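Below: one structure, written as structure tokens.
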Amino acid sequence: MGTSVGVGYSFHRDPAVAGKEAARKALEQAKIDKPDFVFVFATVGYNQKVLIKAIREATSRAPLSGCSGEGIITQETVIETNFGVSVMAIGSDELRFKNARVKEIAGQSYKAGERLAEEVNPLLTSDDIACFLFADGLVFDFDPFWAAFDKSLRSKSPLPLFGGLAADNWTSQKTYQYHDDDVFSEGISCVVMSGKGDIAWGINHGCVPIGTKRTITRSKGNIIYEIDGVPALEALKDYFEEDWINHWNKTTLNICLGFKTPEHLRKGYEEYIIRYIVGKDDREGSVTIQSDVRVGTDLWLVRRDKELITSGMKAISRQIKDKTGTRKPKFVLQFECVGRGKVVFREGEKIELIRSLQKDIGGDIPWMGFYTYGEIGPITKYNCFHNFTSVISAVCCKERES
Amino acid sequence: MKKETVTGNSAPEAVEIATLQMEKEALAQQVKRLIKTEGKLYAYQEELDAQLKEYKDLYELNRKLNATFDIGKIFEYVTEYVIYNLEYERVLFFQQFENMGLYAVCAIGGYYDQEEKSAVTELIIAQNDAFLSPLVDGSEYLICKTGSEQKDLAEFRAKLRMNEYLIYPIGSNGSPPALLAVGNSAGNAEFYQRVSDSEEALLGMGNLVGLLSSSIENHIYYTNMEKALEQERLAEAKYRGIFENATEGIYQTTPEGRFISCNPATAAILGYDNPEDVIENITDIRRQLYVTPQRREELYELMQSGSDVKNFEVEFYRKDGSKLWVLLHTRPFFNEKHEIHYIDGIIQDITERKMAEEQLRGSLKEKETLLKEIHHRVKNNLQVISSMLHLQSARATDKEILMAFKESQSRVDTMALIHEKLYQSKDLTVIPMAGYIGDLITNLYISFGINDEQIKAVIKVADVNLNVSTAIPCGLIINELVTNCLKHAFPGGRTGEIVLSLQPQIEGKYELIVSDNGIGFPENTDFSNTETLGLKLVISLISQLDGTIELDRAGGSTFTIRFSELLYKERG
């Protein structure tokens with residue numbers, strides 16, 4: 001049998017119809033009736049429970065994982081909308097997928113790492129390939145999570161983590177994570193992929209620093225209170241338009257924070273690791289990012305650069321092809337930062353950016369992704385959290401011995 | 001930002017550092033401005049893309065709408081546009097049912113649960129509902145925003161299953177043929193296009209409604225045109241059927257004498273293979289068709305007067321040169337100079353009828369001749385009888401017998417006079433009574449040797465024609481009553497007057513009066529029951545006429561007889 005993968009999508013406004021339609025298309029493309037596993041990325045306009053129920057019914061209640069995104073990406077469509085759903089149906093006797101989830105992670109990311117490891121440990125096998133994580137983008141803090149997860153996971157070898165943080169289309173209210181029939185928020189949906197396969201990936205952000213080095217002078221966890229001795233918001237506000245308070249989500253996309261890439265990662269990555277300013281506290285003048293920082297850490301203000309983003313996509317393609325060689329990936333999962341979508345690119349440019357990458361890697365490969373509030377992907381052997389990046393993970397099956 | 005102060009005493013390095021600091025500060029400010037500008041650029045770019053998409057989508061919609069007149073398709077395209085491009089959650093189309101005075105839902109789009117869908121499907125709005133009155137008064141739309149408390153609008157939230165909505169009239173104002181309602185439920189509105197009265201928000205709907213209105217009006221125009229064309233097609237088919245299958249020839253000609261069109265029957269009547277044969281080969285109707293070409297001028301003159309010409313009989317030539325009689329009905333059509341532009345006509349072959357009429361006329365003439373001969377012979381025979389009675393009476397010595405002969409002779413003469421009048425008449429079926437009665441009275445006066453000075457005859461007979469069956473008994477009655485007068489009313493050479501009147505009455509009845517101012521009928525005599533042959537005969541004849549008789553004895557005798565003309569009875 002090998003591995004059959006199909007991707008379907010729908011923009012129908014009725015969640016039941018949309019779920020069914022996307023699932024049907026995925027099964028048709030995969031040429032299977034009953035998948036072994038299903039990935040789902042959808043946007044938040046839908047009644048999520050009705051949507052997932054329809055997909056579950058259409059996919060013979062196969063195990064399902066996924067989350068909400070700001071838009072969906074397939075070979076056929078790249079769209080940021082409130083109403084879009086994509087389904088990837090996988091049937092394989094080479095790859096195995098087992099899923100787990102944890103809920104109520106807000107403010108306790110470390111604990112969440114421990115709890116998820118507890119759930120995942122029983123699923124681990126000797127031929128695990130990778131782990132996919134879909135976490136709530138409004139409450140997730142990667143560093144404490146990873147510290148606990150890595151520590152608690154009883155994996156024989158380091159398990160590469162890929163994924164994206166669930167989005168809610170700038171409403172900052174509620175993102176959704178999917179685990180089989182369960183639709184929840186403030187949680188993590190996790191998939192362990194095992195079997196006779198491997199994964200190739202590429203990560204690139206395309207941001208450049210502006211101005212000189214600055215230093216964090218007061219912080220706690222993922223909250224930065226002061227930069228160069230002044231309240232963080234005060235240090236940043238000159239870069240924003242006067243109505244920035246009312247349009248925080250999108251305004252902060254224009255300026256984000258760059259931290260020097262640690263020495264051990266420098267070889268496999270760019271000079272800076274980028275962090276999106278996910279939240280602010282007007283009273284305290286603080287800002288929140290999605291990973292922890294320490295006092296004394298140097299930072300640079302950075303901006304997105306279209307040319308760098310475009311050339312970065314070429315780099316991703318090269319990174320993947322270096323690893324896959326002549327093998328054709330069975331499927332690709334893409335985690336694209338919401339800050340690289342329509343907020344920076346014209347509609348045509350955005351589509352062309354993704355299309356050119358798809359064409360480079362393989363225009364007929366089942367491909368699914370979503371616009372995220374944060375990306376997860378390893379740099380060399382170290383699992384990292386990113387912002388403003390595109391994380392492309394291409395899954396291949398090992399060539400059979402003749 | 002801390003300001004550096006450089007004095008004249010400062011070291012060159014300090015000056016350089018201060019300059020660099022200032023340049024750095026200026027650069028930092030420039031970067032900040034650039035970042036802000038870049039942010040604005042991205043925002044405008046996103047807005048521009050959204051607008052471009054909207055206009056592109058609107059263009060596509062326009063293209064689709066222009067390609068169809070199917071109202072179902074129009075609603076489908078617009079529903080799709082409202083949901084997927086303008087991004088409202090729900091859309092409802094109401095179609096006007098003018099004869100019922102209401103708007104009913106005819107198309108639904110967007111996401112409803114089953115219960116909501118069933119409810120809105122049944123939704124009906126009365127045309128005169130106060131809720132719609134602003135639209136009737138010319139408002140461009142009705143708007144109900146979240147939190148709106150305007151009573152009429154707020155009440156409709158539940159009916160429309162929309163917490164916020166816009167309603168637009170589609171098509172002409174006043175009584176629009178359709179309404180378009182778009183909006184959102186309360187639950188998920190933040191992910192849809194919010195209902196707002198901002199110029200920006202209404203622009204998209206305004207553009208759509210403009211397109212839709214013209215599309216709906218086109219649809220209505222097209223539907224009406226289709227109906228008219230269908231009626232025209234039916235009428236054309238009906239006319240074509242009549243034209244092609246009629247047994248009468250139907251044609252159209254030019255005043256110059258060419259056929260413009262004609263049906264197969266025309267061709268058949270004129271001996272041509274088909275209508276094309278007629279149109280091609282008859283180039284001068286007057287010369288090629290008319291046996292007597294002047295008849296064509298006569299017909300043309302009649303038509304010039306502007307009226308239709310009916311039952312114009314004329315003899316034509318067929319294609320093979322044989323003749324036929326045709327009956328023409330023509331209608332001329334005039335141009336602005338009042339010249340005949342073309343002529344519509346119907347032609348019937350009446351050759352057989354004409355032959356039959358000819359035969360009938362010959363036959364009638366023959367019968368008339370024969371009938372006159374019969375009447376003549378009857379009259380002659382009756383005159384022979386009369387002469388024989390006269391000869392016979394010459395031998396009678398008894399006065400009574402002589403009178404009997406005379407009276408019989410008079411009766412025979414009365415009947416002979418009828419037949420004489422008949423064979424002299426143009427019409428062999430009726431007797432002009434005025435002439436007949438005048439001659440009858442004259443004959444009686446002669447027969448009884450009475451002159452008009454002795455007994456004056458006053459005859460007042462209207463211009464009445466009676467058939468033979470009625471005229472004979474009527475003549476015999478007059479004969480008897482006048483004879484009676486002449487014999488008895490004026491004894492001993494008395495003078496007097498006889499008045500005879502025959503006048504038509506109402507309802508086909510006639511009144512015959514025979515009066516005299518003589519000595520009168522004996523008082524003790526019942527005239528209807530006498531033994532005299534004359535009066536017996538009168539009573540019998542009146543009975544035959546199914547009439548009545550009255551006698552007025554005042555100042556003489558006045559007999560008034562009323563009768564109807566007898567219908568001709570077929571003899572077995």
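Labeling convention for the structure tokens: chains A, B, ... as they appear, residues from 1 per chain, ligands from 1 in order of appearance.
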Which residues, written as a PyMOL selection string, have at least one atom at most 10 Å from Ile351 in chain A, with only C-alpha atoms counted and residues fewer than 3 positions away on the same chain left out? chain A and resi 73+77-79+341-342+345-348+354-356
How would the residues just chosen look if you wrote them out with N, CA and C atoms as a short mmCIF file (atom, residue, chain, number, x, y, z; two decimals), in the first residue's frame?
```cif
data_model
loop_
_atom_site.label_atom_id
_atom_site.label_comp_id
_atom_site.auth_asym_id
_atom_site.auth_seq_id
_atom_site.Cartn_x
_atom_site.Cartn_y
_atom_site.Cartn_z
N ILE A 73 -3.50 27.00 3.68
CA ILE A 73 -2.60 26.89 2.53
C ILE A 73 -2.69 25.46 1.99
N THR A 77 -4.92 26.55 -3.01
CA THR A 77 -5.37 27.84 -2.47
C THR A 77 -4.47 28.34 -1.35
N VAL A 78 -4.28 29.64 -1.34
CA VAL A 78 -3.57 30.31 -0.25
C VAL A 78 -4.48 31.46 0.16
N ILE A 79 -5.14 31.31 1.28
CA ILE A 79 -6.16 32.31 1.58
C ILE A 79 -6.23 32.61 3.07
N GLY A 341 1.74 37.28 5.79
CA GLY A 341 0.60 37.16 4.87
C GLY A 341 0.22 38.50 4.27
N LYS A 342 -1.09 38.75 4.27
CA LYS A 342 -1.59 39.95 3.60
C LYS A 342 -1.20 41.24 4.31
N PHE A 345 2.35 41.45 2.30
CA PHE A 345 2.39 41.21 0.86
C PHE A 345 1.08 41.57 0.18
N ARG A 346 1.19 42.02 -1.06
CA ARG A 346 -0.01 42.14 -1.89
C ARG A 346 -0.51 40.72 -2.13
N GLU A 347 -1.81 40.61 -2.42
CA GLU A 347 -2.42 39.29 -2.57
C GLU A 347 -1.65 38.45 -3.59
N GLY A 348 -1.34 39.04 -4.72
CA GLY A 348 -0.63 38.31 -5.77
C GLY A 348 0.76 37.90 -5.34
N ILE A 354 4.27 31.60 -2.06
CA ILE A 354 4.01 30.20 -1.65
C ILE A 354 4.08 29.27 -2.86
N ARG A 355 3.48 29.73 -3.97
CA ARG A 355 3.47 28.88 -5.17
C ARG A 355 4.90 28.53 -5.62
N SER A 356 5.77 29.52 -5.57
CA SER A 356 7.13 29.26 -6.06
C SER A 356 7.80 28.21 -5.18
#
```
What residues in chain B lie within 12 Å of chain A, counting only C-alpha atoms, written as a PyMOL selection string? chain B and resi 1+24-53+79-80+82-85+87-90+109-114+187-193
Find, counting only C-alpha atoms, the residue in A:Phe259, A:Thr389, A:Lys267, A:Phe162 that gets nearest to Leu308 in chain A.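 Selected residue with least distance to Leu308 in chain A: A:Thr389.
Interatomic distance, CA of Arg154 in chain A to CA of Arg266 in chain A: 27.4 Å.
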Which residues in range 100-153 of chain B does DSSP call strand (DSSP E or B)? List them as a VMD selection string. chain B and resid 102 to 110 124 to 126 142 to 144
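Between Cys207 in chain A and the candidates A:Phe184, A:Tyr176, A:Phe97, A:Trp300, the tightest atom-to-atom separation, counting only C-alpha atoms, involves A:Trp300.
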Correct to one decimal, the distance CA of Lys321 in chain A-CA of Gly374 in chain A is 24.3 Å
Calculated over only C-alpha atoms, which of the candidates A:Met193, A:Leu161, A:Ala26, A:Cys396 has the smallest distance to Lys328 in chain A?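 Distance minimum relative to Lys328 in chain A lands on A:Cys396.
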Selection near range 100-112 of chain A, 9 Å with only C-alpha atoms, sequence-local residues under 6 positions removed, as a list in words: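 So the residues in contact are Ser65, Glu119, Val120, Leu123, Asp136, Leu138, Val139, Phe140, Asp141, Phe142, Asp143, Pro144, Phe145, Trp146, Ala147, Ala148, Phe149, Gln177, Tyr178, His179, Phe184, Ser185, Glu186, Gly187, Ile188, Ser189, Cys190, Val191 and Val192 of chain A.
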Considering only helix (DSSP H, G or I) as DSSP defines it on the backbone, what residues of range 287-492 of chain B qualify? List them as a count of residues only. 124
With only C-alpha atoms as the counted atoms, please give the residues lying no more than 9 Å from Cys397 in chain A, apart from itself and same-chain residues fewer than 4 positions off, as a VMD selection string. chain A and resid 2 to 3 94 to 95 195 to 199 327 to 330
Tell me, as a ChimeraX atom specification, which residues lie within 9 Å of Thr125 in chain A, counting only C-alpha atoms; anything in the same chain fewer than 4 positions away does not count. /A:121,155-156,194-195
Which distance in Å separates CA of Phe94 in chain B and CA of Glu226 in chain B, to one decimal? 23.0 Å
Under the rule that only C-alpha atoms are counted, which of A:Ala232, A:Asn383, A:Gly206, A:Ile227 is the nearest residue to Gly312 in chain A?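 Nearest to Gly312 in chain A: A:Gly206.
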I'd like the neighbourhood of range 420-431 of chain B as a ChimeraX atom specification, where a residue qualifies if any of its atoms comes within 9 Å (using only C-alpha atoms), though same-chain residues fewer than 2 positions away should be ignored. /B:368-369,371-376,378-380,415-418,433-436,464-468,471
Selection from above, N, CA, C and O atoms, as a JSON list (two decimals), in the first residue's frame, can you write it?
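And here is the file that came out, again-v5.json:
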```json
[["chain", "number", "residue", "atom", "x", "y", "z"],
["B", 368, "GLU", "N", -91.13, 29.44, -64.88],
["B", 368, "GLU", "CA", -92.00, 30.63, -64.91],
["B", 368, "GLU", "C", -92.85, 30.62, -66.17],
["B", 368, "GLU", "O", -94.06, 30.89, -66.13],
["B", 369, "THR", "N", -92.18, 30.31, -67.25],
["B", 369, "THR", "CA", -92.90, 30.26, -68.53],
["B", 369, "THR", "C", -94.02, 29.22, -68.47],
["B", 369, "THR", "O", -95.17, 29.47, -68.87],
["B", 371, "LEU", "N", -95.42, 28.07, -65.81],
["B", 371, "LEU", "CA", -96.45, 28.46, -64.86],
["B", 371, "LEU", "C", -97.39, 29.50, -65.47],
["B", 371, "LEU", "O", -98.62, 29.44, -65.29],
["B", 372, "LYS", "N", -96.77, 30.45, -66.16],
["B", 372, "LYS", "CA", -97.61, 31.45, -66.81],
["B", 372, "LYS", "C", -98.55, 30.79, -67.81],
["B", 372, "LYS", "O", -99.74, 31.16, -67.91],
["B", 373, "GLU", "N", -97.99, 29.82, -68.49],
["B", 373, "GLU", "CA", -98.81, 29.09, -69.47],
["B", 373, "GLU", "C", -99.97, 28.39, -68.77],
["B", 373, "GLU", "O", -101.10, 28.44, -69.23],
["B", 374, "ILE", "N", -99.65, 27.82, -67.60],
["B", 374, "ILE", "CA", -100.71, 27.13, -66.85],
["B", 374, "ILE", "C", -101.77, 28.13, -66.41],
["B", 374, "ILE", "O", -102.98, 27.90, -66.59],
["B", 375, "HIS", "N", -101.28, 29.27, -65.83],
["B", 375, "HIS", "CA", -102.25, 30.28, -65.38],
["B", 375, "HIS", "C", -103.08, 30.76, -66.57],
["B", 375, "HIS", "O", -104.30, 30.95, -66.44],
["B", 376, "HIS", "N", -102.38, 30.95, -67.67],
["B", 376, "HIS", "CA", -103.09, 31.41, -68.86],
["B", 376, "HIS", "C", -104.17, 30.40, -69.26],
["B", 376, "HIS", "O", -105.32, 30.77, -69.54],
["B", 378, "VAL", "N", -105.50, 28.08, -67.35],
["B", 378, "VAL", "CA", -106.57, 28.01, -66.32],
["B", 378, "VAL", "C", -107.54, 29.17, -66.55],
["B", 378, "VAL", "O", -108.77, 28.99, -66.51],
["B", 379, "LYS", "N", -106.92, 30.35, -66.78],
["B", 379, "LYS", "CA", -107.79, 31.52, -67.01],
["B", 379, "LYS", "C", -108.68, 31.29, -68.24],
["B", 379, "LYS", "O", -109.90, 31.53, -68.22],
["B", 380, "ASN", "N", -108.04, 30.77, -69.30],
["B", 380, "ASN", "CA", -108.81, 30.51, -70.51],
["B", 380, "ASN", "C", -109.93, 29.49, -70.25],
["B", 380, "ASN", "O", -111.07, 29.67, -70.68],
["B", 415, "MET", "N", -112.23, 34.12, -60.21],
["B", 415, "MET", "CA", -111.07, 33.23, -60.14],
["B", 415, "MET", "C", -110.19, 33.37, -61.38],
["B", 415, "MET", "O", -108.97, 33.39, -61.30],
["B", 416, "ALA", "N", -110.85, 33.56, -62.52],
["B", 416, "ALA", "CA", -110.08, 33.70, -63.77],
["B", 416, "ALA", "C", -109.23, 34.96, -63.73],
["B", 416, "ALA", "O", -108.09, 34.99, -64.21],
["B", 417, "LEU", "N", -109.82, 36.00, -63.10],
["B", 417, "LEU", "CA", -109.08, 37.26, -63.01],
["B", 417, "LEU", "C", -107.78, 37.10, -62.20],
["B", 417, "LEU", "O", -106.74, 37.68, -62.52],
["B", 418, "ILE", "N", -107.87, 36.23, -61.17],
["B", 418, "ILE", "CA", -106.66, 35.94, -60.38],
["B", 418, "ILE", "C", -105.58, 35.37, -61.29],
["B", 418, "ILE", "O", -104.42, 35.83, -61.29],
["B", 433, "MET", "N", -102.98, 43.28, -54.81],
["B", 433, "MET", "CA", -104.42, 43.28, -54.54],
["B", 433, "MET", "C", -105.12, 44.54, -55.02],
["B", 433, "MET", "O", -106.32, 44.51, -55.35],
["B", 434, "ALA", "N", -104.40, 45.68, -55.05],
["B", 434, "ALA", "CA", -105.06, 46.93, -55.45],
["B", 434, "ALA", "C", -105.60, 46.83, -56.88],
["B", 434, "ALA", "O", -106.78, 47.10, -57.16],
["B", 435, "GLY", "N", -104.70, 46.38, -57.78],
["B", 435, "GLY", "CA", -105.10, 46.24, -59.18],
["B", 435, "GLY", "C", -106.18, 45.19, -59.35],
["B", 435, "GLY", "O", -107.17, 45.40, -60.09],
["B", 436, "TYR", "N", -105.97, 44.12, -58.64],
["B", 436, "TYR", "CA", -106.92, 43.01, -58.77],
["B", 436, "TYR", "C", -108.33, 43.42, -58.31],
["B", 436, "TYR", "O", -109.32, 43.19, -59.01],
["B", 464, "VAL", "N", -100.92, 46.10, -51.26],
["B", 464, "VAL", "CA", -100.81, 44.80, -50.58],
["B", 464, "VAL", "C", -100.67, 43.71, -51.61],
["B", 464, "VAL", "O", -101.42, 43.68, -52.58],
["B", 465, "ASN", "N", -99.70, 42.83, -51.38],
["B", 465, "ASN", "CA", -99.57, 41.63, -52.23],
["B", 465, "ASN", "C", -99.94, 40.43, -51.40],
["B", 465, "ASN", "O", -99.40, 40.24, -50.30],
["B", 466, "LEU", "N", -100.83, 39.60, -51.97],
["B", 466, "LEU", "CA", -101.19, 38.38, -51.25],
["B", 466, "LEU", "C", -100.89, 37.18, -52.14],
["B", 466, "LEU", "O", -100.96, 37.28, -53.36],
["B", 467, "ASN", "N", -100.55, 36.08, -51.48],
["B", 467, "ASN", "CA", -100.28, 34.90, -52.29],
["B", 467, "ASN", "C", -101.58, 34.33, -52.85],
["B", 467, "ASN", "O", -102.69, 34.73, -52.43],
["B", 468, "VAL", "N", -101.44, 33.39, -53.76],
["B", 468, "VAL", "CA", -102.61, 32.86, -54.49],
["B", 468, "VAL", "C", -103.60, 32.20, -53.53],
["B", 468, "VAL", "O", -104.82, 32.39, -53.63],
["B", 471, "ALA", "N", -105.30, 35.07, -51.92],
["B", 471, "ALA", "CA", -105.96, 36.00, -52.84],
["B", 471, "ALA", "C", -107.27, 35.43, -53.40],
["B", 471, "ALA", "O", -108.27, 36.16, -53.54]]
```
Need the shell around Phe521 in chain B: protein/DNA/RNA residues with any atom at most 10 Å away, counting only C-alpha atoms. Skip same-chain ones fewer than 4 positions apart. Format as an NGL selection string? :B and (485 or 488-489 or 525-527 or 551-554 or 556-558)
Using the selection just defined, write its residues with all heavy atoms as a tab-separated table (two decimals), in the first residue's frame.
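part-v2.tsv, freshly written:
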```tsv
chain	number	residue	atom	x	y	z
B	485	CYS	N	-124.31	43.46	-52.38
B	485	CYS	CA	-124.65	44.88	-52.32
B	485	CYS	C	-125.37	45.32	-53.59
B	485	CYS	O	-126.41	46.00	-53.54
B	485	CYS	CB	-123.39	45.72	-52.20
B	485	CYS	SG	-122.64	45.66	-50.61
B	488	HIS	N	-128.90	43.73	-53.64
B	488	HIS	CA	-129.95	43.95	-52.65
B	488	HIS	C	-129.90	45.29	-51.94
B	488	HIS	O	-130.92	45.74	-51.38
B	488	HIS	CB	-129.87	42.86	-51.55
B	488	HIS	CG	-129.93	41.47	-52.11
B	488	HIS	ND1	-131.04	40.97	-52.78
B	488	HIS	CD2	-129.01	40.49	-52.11
B	488	HIS	CE1	-130.79	39.73	-53.18
B	488	HIS	NE2	-129.52	39.39	-52.79
B	489	ALA	N	-128.78	45.95	-51.92
B	489	ALA	CA	-128.68	47.12	-51.04
B	489	ALA	C	-129.37	48.37	-51.59
B	489	ALA	O	-129.77	49.24	-50.83
B	489	ALA	CB	-127.19	47.44	-50.80
B	525	THR	N	-132.46	38.66	-39.82
B	525	THR	CA	-131.68	37.64	-40.54
B	525	THR	C	-130.31	37.49	-39.90
B	525	THR	O	-129.61	38.47	-39.62
B	525	THR	CB	-131.50	38.05	-42.02
B	525	THR	OG1	-132.77	38.29	-42.57
B	525	THR	CG2	-130.75	36.97	-42.80
B	526	ASP	N	-129.99	36.20	-39.61
B	526	ASP	CA	-128.63	35.91	-39.08
B	526	ASP	C	-127.73	35.68	-40.28
B	526	ASP	O	-127.84	34.67	-40.97
B	526	ASP	CB	-128.70	34.67	-38.20
B	526	ASP	CG	-127.31	34.29	-37.69
B	526	ASP	OD1	-126.32	35.04	-37.97
B	526	ASP	OD2	-127.17	33.24	-37.01
B	527	PHE	N	-126.86	36.63	-40.52
B	527	PHE	CA	-126.08	36.56	-41.78
B	527	PHE	C	-125.16	35.34	-41.81
B	527	PHE	O	-124.78	34.86	-42.86
B	527	PHE	CB	-125.28	37.87	-41.96
B	527	PHE	CG	-124.00	37.92	-41.15
B	527	PHE	CD1	-122.80	37.53	-41.71
B	527	PHE	CD2	-124.04	38.32	-39.81
B	527	PHE	CE1	-121.64	37.55	-40.97
B	527	PHE	CE2	-122.89	38.34	-39.09
B	527	PHE	CZ	-121.68	37.96	-39.63
B	551	LEU	N	-120.61	42.04	-38.70
B	551	LEU	CA	-121.56	42.83	-39.50
B	551	LEU	C	-122.03	44.01	-38.65
B	551	LEU	O	-122.47	43.83	-37.51
B	551	LEU	CB	-122.77	41.98	-39.90
B	551	LEU	CG	-123.95	42.73	-40.53
B	551	LEU	CD1	-123.54	43.46	-41.81
B	551	LEU	CD2	-125.12	41.78	-40.80
B	552	ASP	N	-121.92	45.17	-39.23
B	552	ASP	CA	-122.45	46.37	-38.56
B	552	ASP	C	-123.63	46.86	-39.41
B	552	ASP	O	-123.46	47.18	-40.59
B	552	ASP	CB	-121.34	47.42	-38.49
B	552	ASP	CG	-121.80	48.68	-37.75
B	552	ASP	OD1	-122.98	48.73	-37.35
B	552	ASP	OD2	-120.95	49.61	-37.58
B	553	ARG	N	-124.78	46.88	-38.80
B	553	ARG	CA	-125.99	47.20	-39.58
B	553	ARG	C	-126.29	48.71	-39.57
B	553	ARG	O	-127.30	49.15	-40.14
B	553	ARG	CB	-127.19	46.44	-39.00
B	553	ARG	CG	-127.03	44.93	-39.09
B	553	ARG	CD	-128.13	44.23	-38.27
B	553	ARG	NE	-127.76	42.85	-37.97
B	553	ARG	CZ	-128.25	41.81	-38.62
B	553	ARG	NH1	-129.10	41.95	-39.61
B	553	ARG	NH2	-127.90	40.61	-38.26
B	554	ALA	N	-125.49	49.45	-38.88
B	554	ALA	CA	-125.80	50.89	-38.77
B	554	ALA	C	-125.58	51.59	-40.09
B	554	ALA	O	-124.49	51.46	-40.69
B	554	ALA	CB	-124.90	51.51	-37.70
B	556	GLY	N	-126.69	51.11	-43.06
B	556	GLY	CA	-126.46	50.20	-44.17
B	556	GLY	C	-125.88	48.91	-43.65
B	556	GLY	O	-126.28	48.46	-42.57
B	557	SER	N	-124.98	48.35	-44.38
B	557	SER	CA	-124.32	47.12	-43.90
B	557	SER	C	-122.81	47.32	-44.02
B	557	SER	O	-122.32	47.79	-45.05
B	557	SER	CB	-124.72	45.92	-44.76
B	557	SER	OG	-126.12	45.77	-44.76
B	558	THR	N	-122.16	46.95	-42.96
B	558	THR	CA	-120.68	47.00	-43.02
B	558	THR	C	-120.14	45.67	-42.53
B	558	THR	O	-120.32	45.29	-41.37
B	558	THR	CB	-120.13	48.13	-42.14
B	558	THR	OG1	-120.65	49.38	-42.62
B	558	THR	CG2	-118.60	48.16	-42.16
```
For Trp201 in chain A, which residue out of A:Leu51, A:Val40, A:Ile223, A:Val395 is the nearest one, using only C-alpha atoms?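 Selected residue with least distance to Trp201 in chain A: A:Val395.
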